[in-house]
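Next up, model22.pdb (PDB, C-alpha atoms, pLDDT in the B column):
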```pdb
ATOM      1  CA  LEU D   1      -8.582  -7.544  33.468  1.00 75.00           C
ATOM      2  CA  TYR D   2      -4.935  -7.645  32.492  1.00 82.00           C
ATOM      3  CA  PRO D   3      -4.841 -10.802  30.372  1.00 84.00           C
ATOM      4  CA  PHE D   4      -1.573 -12.559  29.769  1.00 84.00           C
ATOM      5  CA  PRO D   5      -0.066 -11.756  26.341  1.00 83.00           C
ATOM      6  CA  LEU D   6      -1.431 -13.717  23.376  1.00 81.00           C
ATOM      7  CA  HIS D   7       1.723 -15.786  22.998  1.00 79.00           C
ATOM      8  CA  HIS D   8       1.966 -16.713  26.687  1.00 79.00           C
ATOM      9  CA  ALA D   9       1.014 -20.206  27.824  1.00 78.00           C
ATOM     10  CA  SER D  10      -1.731 -18.619  29.988  1.00 81.00           C
ATOM     11  CA  ASP D  11      -3.314 -16.620  27.131  1.00 81.00           C
ATOM     12  CA  ARG D  12      -7.002 -15.892  27.789  1.00 80.00           C
ATOM     13  CA  GLN D  13      -6.387 -15.871  31.547  1.00 83.00           C
ATOM     14  CA  SER D  14      -6.035 -12.859  33.806  1.00 85.00           C
ATOM     15  CA  GLN D  15      -2.775 -12.082  35.596  1.00 83.00           C
ATOM     16  CA  LEU D  16      -4.822 -10.964  38.617  1.00 82.00           C
ATOM     17  CA  ASP D  17      -4.998 -13.184  41.668  1.00 78.00           C
ATOM     18  CA  ILE D  18      -8.298 -11.937  43.085  1.00 77.00           C
ATOM     19  CA  PHE D  19      -8.591 -14.826  45.539  1.00 76.00           C
ATOM     20  CA  GLY D  20      -5.107 -14.571  47.077  1.00 72.00           C
ATOM     21  CA  ASP D  21      -4.498 -13.716  50.710  1.00 72.00           C
ATOM     22  CA  VAL D  22      -3.728 -10.069  49.981  1.00 73.00           C
ATOM     23  CA  GLY D  23      -5.917  -9.552  46.898  1.00 74.00           C
ATOM     24  CA  PRO D  24      -4.818  -8.017  43.601  1.00 77.00           C
ATOM     25  CA  ASN D  25      -1.887  -5.583  43.462  1.00 79.00           C
ATOM     26  CA  LEU D  26      -3.630  -2.265  42.709  1.00 80.00           C
ATOM     27  CA  ASP D  27      -0.295  -0.539  42.065  1.00 81.00           C
ATOM     28  CA  ARG D  28       0.409  -2.940  39.199  1.00 79.00           C
ATOM     29  CA  PHE D  29      -3.250  -3.353  38.153  1.00 81.00           C
ATOM     30  CA  PRO D  30      -4.911  -0.001  38.965  1.00 81.00           C
ATOM     31  CA  ALA D  31      -7.987  -0.457  36.758  1.00 81.00           C
ATOM     32  CA  PHE D  32      -9.111  -3.482  38.798  1.00 83.00           C
ATOM     33  CA  GLY D  33     -10.558  -1.169  41.450  1.00 81.00           C
ATOM     34  CA  GLN D  34     -13.079   0.113  38.871  1.00 85.00           C
ATOM     35  CA  PHE D  35     -14.748  -3.260  38.299  1.00 82.00           C
ATOM     36  CA  GLU D  36     -17.715  -4.810  40.038  1.00 84.00           C
ATOM     37  CA  GLY D  37     -18.296  -8.539  40.163  1.00 84.00           C
ATOM     38  CA  ILE D  38     -21.487 -10.527  39.860  1.00 87.00           C
ATOM     39  CA  GLN D  39     -21.951 -13.672  41.948  1.00 89.00           C
ATOM     40  CA  GLY D  40     -24.484 -16.435  41.569  1.00 90.00           C
ATOM     41  CA  THR D  41     -25.135 -20.095  42.226  1.00 91.00           C
ATOM     42  CA  VAL D  42     -26.063 -22.552  39.497  1.00 88.00           C
ATOM     43  CA  GLY D  43     -27.973 -25.638  40.572  1.00 86.00           C
ATOM     44  CA  PRO D  44     -28.389 -29.124  39.092  1.00 84.00           C
ATOM     45  CA  GLY D  45     -29.800 -28.935  35.578  1.00 85.00           C
ATOM     46  CA  ASP D  46     -29.177 -25.181  35.274  1.00 87.00           C
ATOM     47  CA  VAL D  47     -27.363 -23.627  32.335  1.00 86.00           C
ATOM     48  CA  LEU D  48     -25.232 -20.507  32.610  1.00 88.00           C
ATOM     49  CA  PHE D  49     -24.591 -18.389  29.518  1.00 88.00           C
ATOM     50  CA  ILE D  50     -21.481 -16.182  29.690  1.00 87.00           C
ATOM     51  CA  PRO D  51     -21.231 -13.643  26.845  1.00 83.00           C
ATOM     52  CA  ALA D  52     -18.107 -13.440  24.691  1.00 78.00           C
ATOM     53  CA  TYR D  53     -15.087 -11.785  26.326  1.00 79.00           C
ATOM     54  CA  TRP D  54     -16.684 -11.673  29.795  1.00 84.00           C
ATOM     55  CA  TRP D  55     -14.165 -12.492  32.490  1.00 85.00           C
ATOM     56  CA  HIS D  56     -15.395 -15.194  34.826  1.00 86.00           C
ATOM     57  CA  HIS D  57     -14.317 -17.561  37.548  1.00 84.00           C
ATOM     58  CA  ILE D  58     -16.127 -20.769  38.393  1.00 84.00           C
ATOM     59  CA  SER D  59     -15.940 -22.575  41.756  1.00 83.00           C
ATOM     60  CA  SER D  60     -17.723 -25.803  42.551  1.00 84.00           C
ATOM     61  CA  LEU D  61     -19.434 -26.325  45.897  1.00 85.00           C
ATOM     62  CA  ASP D  62     -19.651 -30.080  45.363  1.00 85.00           C
ATOM     63  CA  GLU D  63     -18.565 -32.707  42.821  1.00 85.00           C
ATOM     64  CA  THR D  64     -19.504 -31.258  39.473  1.00 81.00           C
ATOM     65  CA  THR D  65     -19.367 -32.025  35.795  1.00 81.00           C
ATOM     66  CA  SER D  66     -19.464 -29.068  33.464  1.00 80.00           C
ATOM     67  CA  VAL D  67     -19.386 -28.667  29.720  1.00 81.00           C
ATOM     68  CA  THR D  68     -17.990 -25.584  28.063  1.00 79.00           C
ATOM     69  CA  PHE D  69     -18.999 -24.766  24.519  1.00 77.00           C
ATOM     70  CA  TRP D  70     -17.268 -21.945  22.639  1.00 74.00           C
ATOM     71  CA  PHE D  71     -18.868 -20.662  19.503  1.00 72.00           C
ATOM     72  CA  LYS D  72     -18.477 -17.774  17.139  1.00 70.00           C
ATOM     73  CA  CYS D  73     -21.488 -15.582  16.688  1.00 66.00           C
ATOM     74  CA  ALA D  74     -22.784 -14.999  13.203  1.00 67.00           C
ATOM     75  CA  PRO D  75     -21.216 -11.955  11.567  1.00 67.00           C
ATOM     76  CA  SER D  76     -23.144  -8.777  12.213  1.00 66.00           C
ATOM     77  CA  GLN D  77     -24.840  -7.131   9.304  1.00 70.00           C
ATOM     78  CA  GLY D  78     -22.780  -4.238   7.950  1.00 70.00           C
ATOM     79  CA  ALA D  79     -19.787  -2.551   9.515  1.00 69.00           C
ATOM     80  CA  PRO D  80     -19.522  -2.032  13.276  1.00 68.00           C
ATOM     81  CA  THR D  81     -20.872   1.296  14.413  1.00 77.00           C
ATOM     82  CA  LEU D  82     -18.746   3.862  16.185  1.00 79.00           C
ATOM     83  CA  PRO D  83     -17.992   4.109  18.982  1.00 81.00           C
ATOM     84  CA  LEU D  84     -17.103   0.433  19.083  1.00 81.00           C
ATOM     85  CA  SER D  85     -18.930  -1.831  21.513  1.00 82.00           C
ATOM     86  CA  ASP D  86     -17.028  -3.507  24.358  1.00 81.00           C
ATOM     87  CA  VAL D  87     -17.018  -6.791  22.421  1.00 79.00           C
ATOM     88  CA  HIS D  88     -15.591  -5.100  19.317  1.00 82.00           C
ATOM     89  CA  LEU D  89     -12.968  -3.290  21.423  1.00 85.00           C
ATOM     90  CA  GLN D  90     -11.835  -6.567  23.002  1.00 84.00           C
ATOM     91  CA  ALA D  91     -11.568  -8.212  19.586  1.00 84.00           C
ATOM     92  CA  LEU D  92      -9.634  -5.156  18.358  1.00 89.00           C
ATOM     93  CA  ARG D  93      -7.214  -5.416  21.317  1.00 89.00           C
ATOM     94  CA  ARG D  94      -6.429  -9.054  20.591  1.00 88.00           C
ATOM     95  CA  ASN D  95      -6.049  -8.459  16.863  1.00 90.00           C
ATOM     96  CA  MET D  96      -3.824  -5.395  17.304  1.00 93.00           C
ATOM     97  CA  GLU D  97      -1.616  -7.292  19.758  1.00 92.00           C
ATOM     98  CA  ARG D  98      -1.344 -10.126  17.228  1.00 92.00           C
ATOM     99  CA  LEU D  99      -0.433  -7.715  14.396  1.00 94.00           C
ATOM    100  CA  ILE D 100       2.176  -5.897  16.499  1.00 95.00           C
ATOM    101  CA  ALA D 101       3.691  -9.236  17.586  1.00 93.00           C
ATOM    102  CA  GLU D 102       3.995 -10.269  13.937  1.00 93.00           C
ATOM    103  CA  GLN D 103       6.029  -7.117  13.295  1.00 94.00           C
ATOM    104  CA  VAL D 104       8.260  -6.915  16.384  1.00 93.00           C
ATOM    105  CA  SER D 105       8.189 -10.572  17.577  1.00 91.00           C
ATOM    106  CA  PRO D 106       6.118 -11.913  20.480  1.00 89.00           C
ATOM    107  CA  LEU D 107       9.267 -11.879  22.624  1.00 87.00           C
ATOM    108  CA  ARG D 108       9.724  -8.119  22.047  1.00 89.00           C
ATOM    109  CA  LEU D 109       6.135  -6.975  22.746  1.00 89.00           C
ATOM    110  CA  GLY D 110       7.074  -5.849  26.251  1.00 87.00           C
ATOM    111  CA  GLU D 111       9.872  -3.678  24.893  1.00 89.00           C
ATOM    112  CA  PHE D 112       7.559  -2.229  22.237  1.00 92.00           C
ATOM    113  CA  PHE D 113       4.917  -1.203  24.783  1.00 89.00           C
ATOM    114  CA  THR D 114       7.571   0.098  27.203  1.00 87.00           C
ATOM    115  CA  TRP D 115       9.120   2.122  24.349  1.00 89.00           C
ATOM    116  CA  HIS D 116       5.696   3.544  23.419  1.00 86.00           C
ATOM    117  CA  ASP D 117       4.893   4.667  26.985  1.00 80.00           C
ATOM    118  CA  PRO D 118       6.443   8.111  27.625  1.00 79.00           C
ATOM    119  CA  GLU D 119       6.670   7.349  31.371  1.00 78.00           C
ATOM    120  CA  GLN D 120       8.869   4.288  30.807  1.00 76.00           C
ATOM    121  CA  VAL D 121      12.489   3.874  29.740  1.00 76.00           C
ATOM    122  CA  ALA D 122      13.140   1.187  27.147  1.00 77.00           C
ATOM    123  CA  VAL D 123      16.507  -0.388  26.354  1.00 80.00           C
ATOM    124  CA  LEU D 124      16.482  -1.252  22.653  1.00 84.00           C
ATOM    125  CA  HIS D 125      18.670  -3.480  20.510  1.00 83.00           C
ATOM    126  CA  ALA D 126      20.227  -2.229  17.279  1.00 87.00           C
ATOM    127  CA  GLY D 127      17.604  -1.503  14.626  1.00 87.00           C
ATOM    128  CA  GLU D 128      14.637  -1.730  16.987  1.00 90.00           C
ATOM    129  CA  GLU D 129      13.973   2.021  17.059  1.00 90.00           C
ATOM    130  CA  GLU D 130      13.299   2.013  13.301  1.00 94.00           C
ATOM    131  CA  LEU D 131      11.230  -1.185  13.516  1.00 95.00           C
ATOM    132  CA  PHE D 132       9.185   0.152  16.441  1.00 94.00           C
ATOM    133  CA  GLU D 133       8.652   3.513  14.691  1.00 93.00           C
ATOM    134  CA  ALA D 134       7.410   1.782  11.511  1.00 95.00           C
ATOM    135  CA  THR D 135       5.186  -0.547  13.538  1.00 95.00           C
ATOM    136  CA  LEU D 136       3.742   2.342  15.543  1.00 93.00           C
ATOM    137  CA  LYS D 137       3.058   4.344  12.375  1.00 93.00           C
ATOM    138  CA  GLU D 138       1.165   1.440  10.789  1.00 93.00           C
ATOM    139  CA  THR D 139      -0.651   0.659  14.053  1.00 93.00           C
ATOM    140  CA  ARG D 140      -1.793   4.283  14.373  1.00 92.00           C
ATOM    141  CA  ARG D 141      -2.961   4.213  10.738  1.00 91.00           C
ATOM    142  CA  LEU D 142      -5.041   1.083  11.338  1.00 91.00           C
ATOM    143  CA  LEU D 143      -6.457   2.371  14.627  1.00 91.00           C
ATOM    144  CA  GLY D 144      -7.292   5.665  12.888  1.00 88.00           C
ATOM    145  CA  LEU D 145      -9.868   3.759  10.847  1.00 86.00           C
ATOM    146  CA  VAL D 146     -11.955   3.085  13.973  1.00 84.00           C
ATOM    147  CA  MET D 147     -10.871   5.823  16.394  1.00 77.00           C
ATOM    148  CA  LEU D 148     -11.222   9.568  16.251  1.00 61.00           C
ATOM    149  CA  ASP D 149      -7.614  10.666  16.560  1.00 73.00           C
ATOM    150  CA  GLY D 150      -4.025   9.713  17.329  1.00 74.00           C
ATOM    151  CA  ILE D 151      -4.403  10.666  21.002  1.00 83.00           C
ATOM    152  CA  GLU D 152      -7.189   8.121  21.427  1.00 86.00           C
ATOM    153  CA  ALA D 153      -5.136   5.512  19.532  1.00 87.00           C
ATOM    154  CA  ASP D 154      -2.095   6.138  21.754  1.00 87.00           C
ATOM    155  CA  ARG D 155      -4.264   5.825  24.891  1.00 87.00           C
ATOM    156  CA  PHE D 156      -5.631   2.544  23.495  1.00 89.00           C
ATOM    157  CA  LEU D 157      -2.066   1.250  22.983  1.00 90.00           C
ATOM    158  CA  ARG D 158      -0.947   2.303  26.478  1.00 87.00           C
ATOM    159  CA  GLU D 159      -3.939   0.469  27.978  1.00 86.00           C
ATOM    160  CA  LEU D 160      -3.219  -2.581  25.799  1.00 88.00           C
ATOM    161  CA  GLY D 161       0.318  -2.836  27.149  1.00 86.00           C
ATOM    162  CA  ALA D 162      -0.259  -1.647  30.726  1.00 80.00           C
ATOM    163  CA  GLY D 163       0.902  -4.170  33.312  1.00 75.00           C
ATOM    164  CA  ARG D 164       0.857  -7.106  30.909  1.00 79.00           C
ATOM    165  CA  PHE D 165       4.389  -7.622  29.667  1.00 77.00           C
ATOM    166  CA  GLN D 166       6.592  -7.554  32.783  1.00 67.00           C
ATOM    167  CA  LEU D 167       6.994 -11.307  32.484  1.00 50.00           C
ATOM    168  CA  ASP D 168       8.702 -13.911  30.357  1.00 45.00           C
ATOM    169  CA  VAL D 169       6.301 -14.847  27.527  1.00 41.00           C
ATOM    170  CA  ARG D 170       8.106 -18.168  27.099  1.00 39.00           C
ATOM    171  CA  THR D 171       6.857 -19.494  30.465  1.00 36.00           C
TER     172      THR D 171
END
```
I'd like the structure from this file rewritten - as structure tokens, please.
Amino acid sequence: LYPFPLHHASDRQSQLDIFGDVGPNLDRFPAFGQFEGIQGTVGPGDVLFIPAYWWHHISSLDETTSVTFWFKCAPSQGAPTLPLSDVHLQALRRNMERLIAEQVSPLRLGEFFTWHDPEQVAVLHAGEEELFEATLKETRRLLGLVMLDGIEADRFLRELGAGRFQLDVRT
């Protein structure tokens, strides 16, 4: 759901304002229209389990105290099976973004993803073309280990960058 970039102060939060007066901007966030929400009410003494990487929003109807506990699941036995599960894909997205940021700088991620998208025009600084090419080559190689082909890897990268980097990551 269009999370802020990893190095943004709002990392792990969605850029979507689903509760605003006009609702989310479907031109900027077109995939939002494909999702369906689940709503429920938790009463006194109830416990709600939210699986890893599930987007959620909590509202209180009254004065409430809540406790959030994050934990890492035990490693699965053996290698992940292909195609990757949604949980593995989300972990892959975050890890690939982190690796790309280490190569091009967190402040240049937006330019990298704009440069990679054939429908966008990127303005690059001196030397960035070579850096971006080398980063893309290595990224495709790594994604090739878990994806069928370069076309699928490029689609994955376009989705990773779509609508997420048109902001200042220093805010």
Phe69 in chain D surroundings by all atoms listed in the file, 12 Å radius, close-in-sequence under 4 positions cut, as an MDAnalysis selection string: chainID D and resid 47:52
Can you give me, as a ChimeraX atom specification, the residues this file yields under the PyMOL selection byres ((chain D and resi 91-101) around 10)? /D:5-7,12,52-53,84-90,102-110,112-113,132,135-136,138-139,142-143,146,156-157,159-161
Picked residues, the PyMOL selection byres ((chain D and resi 122) around 12), as a list in words: Arg108, Leu109, Gly110, Glu111, Phe112, Phe113, Thr114, Trp115, His116, Asp117, Pro118, Glu119, Gln120, Val121, Val123, Leu124, His125, Glu128, Glu129 and Phe132 of chain D
Please provide the set of residues having any atom within 10 Å of range 23-28 of chain D, restricted to only C-alpha atoms, with same-chain residues fewer than 4 positions apart removed, written as a PDB file with C-alpha atoms, in the coordinates of the input.
```pdb
ATOM      1  CA  TYR D   2      -4.935  -7.645  32.492  1.00 82.00           C
ATOM      2  CA  GLN D  15      -2.775 -12.082  35.596  1.00 83.00           C
ATOM      3  CA  LEU D  16      -4.822 -10.964  38.617  1.00 82.00           C
ATOM      4  CA  ASP D  17      -4.998 -13.184  41.668  1.00 78.00           C
ATOM      5  CA  ILE D  18      -8.298 -11.937  43.085  1.00 77.00           C
ATOM      6  CA  PHE D  19      -8.591 -14.826  45.539  1.00 76.00           C
ATOM      7  CA  PHE D  32      -9.111  -3.482  38.798  1.00 83.00           C
ATOM      8  CA  GLY D  33     -10.558  -1.169  41.450  1.00 81.00           C
ATOM      9  CA  ALA D 162      -0.259  -1.647  30.726  1.00 80.00           C
ATOM     10  CA  GLY D 163       0.902  -4.170  33.312  1.00 75.00           C
ATOM     11  CA  ARG D 164       0.857  -7.106  30.909  1.00 79.00           C
TER      12      ARG D 164
END
```
Have a look at CA of Trp55 in chain D and CA of Gln13 in chain D and let me know their distance in Å, one decimal.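 About the pair CA of Trp55 in chain D and CA of Gln13 in chain D: they are 8.5 Å apart.
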For a test of reading the model, state the distance in Å between CA of Asp46 in chain D and CA of Gly20 in chain D, rounded to one decimal.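 Separation between CA of Asp46 in chain D and CA of Gly20 in chain D: 28.8 Å.
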To one decimal place in Å, what is the distance between CA of Gln77 in chain D and CA of Leu145 in chain D? 18.6 Å
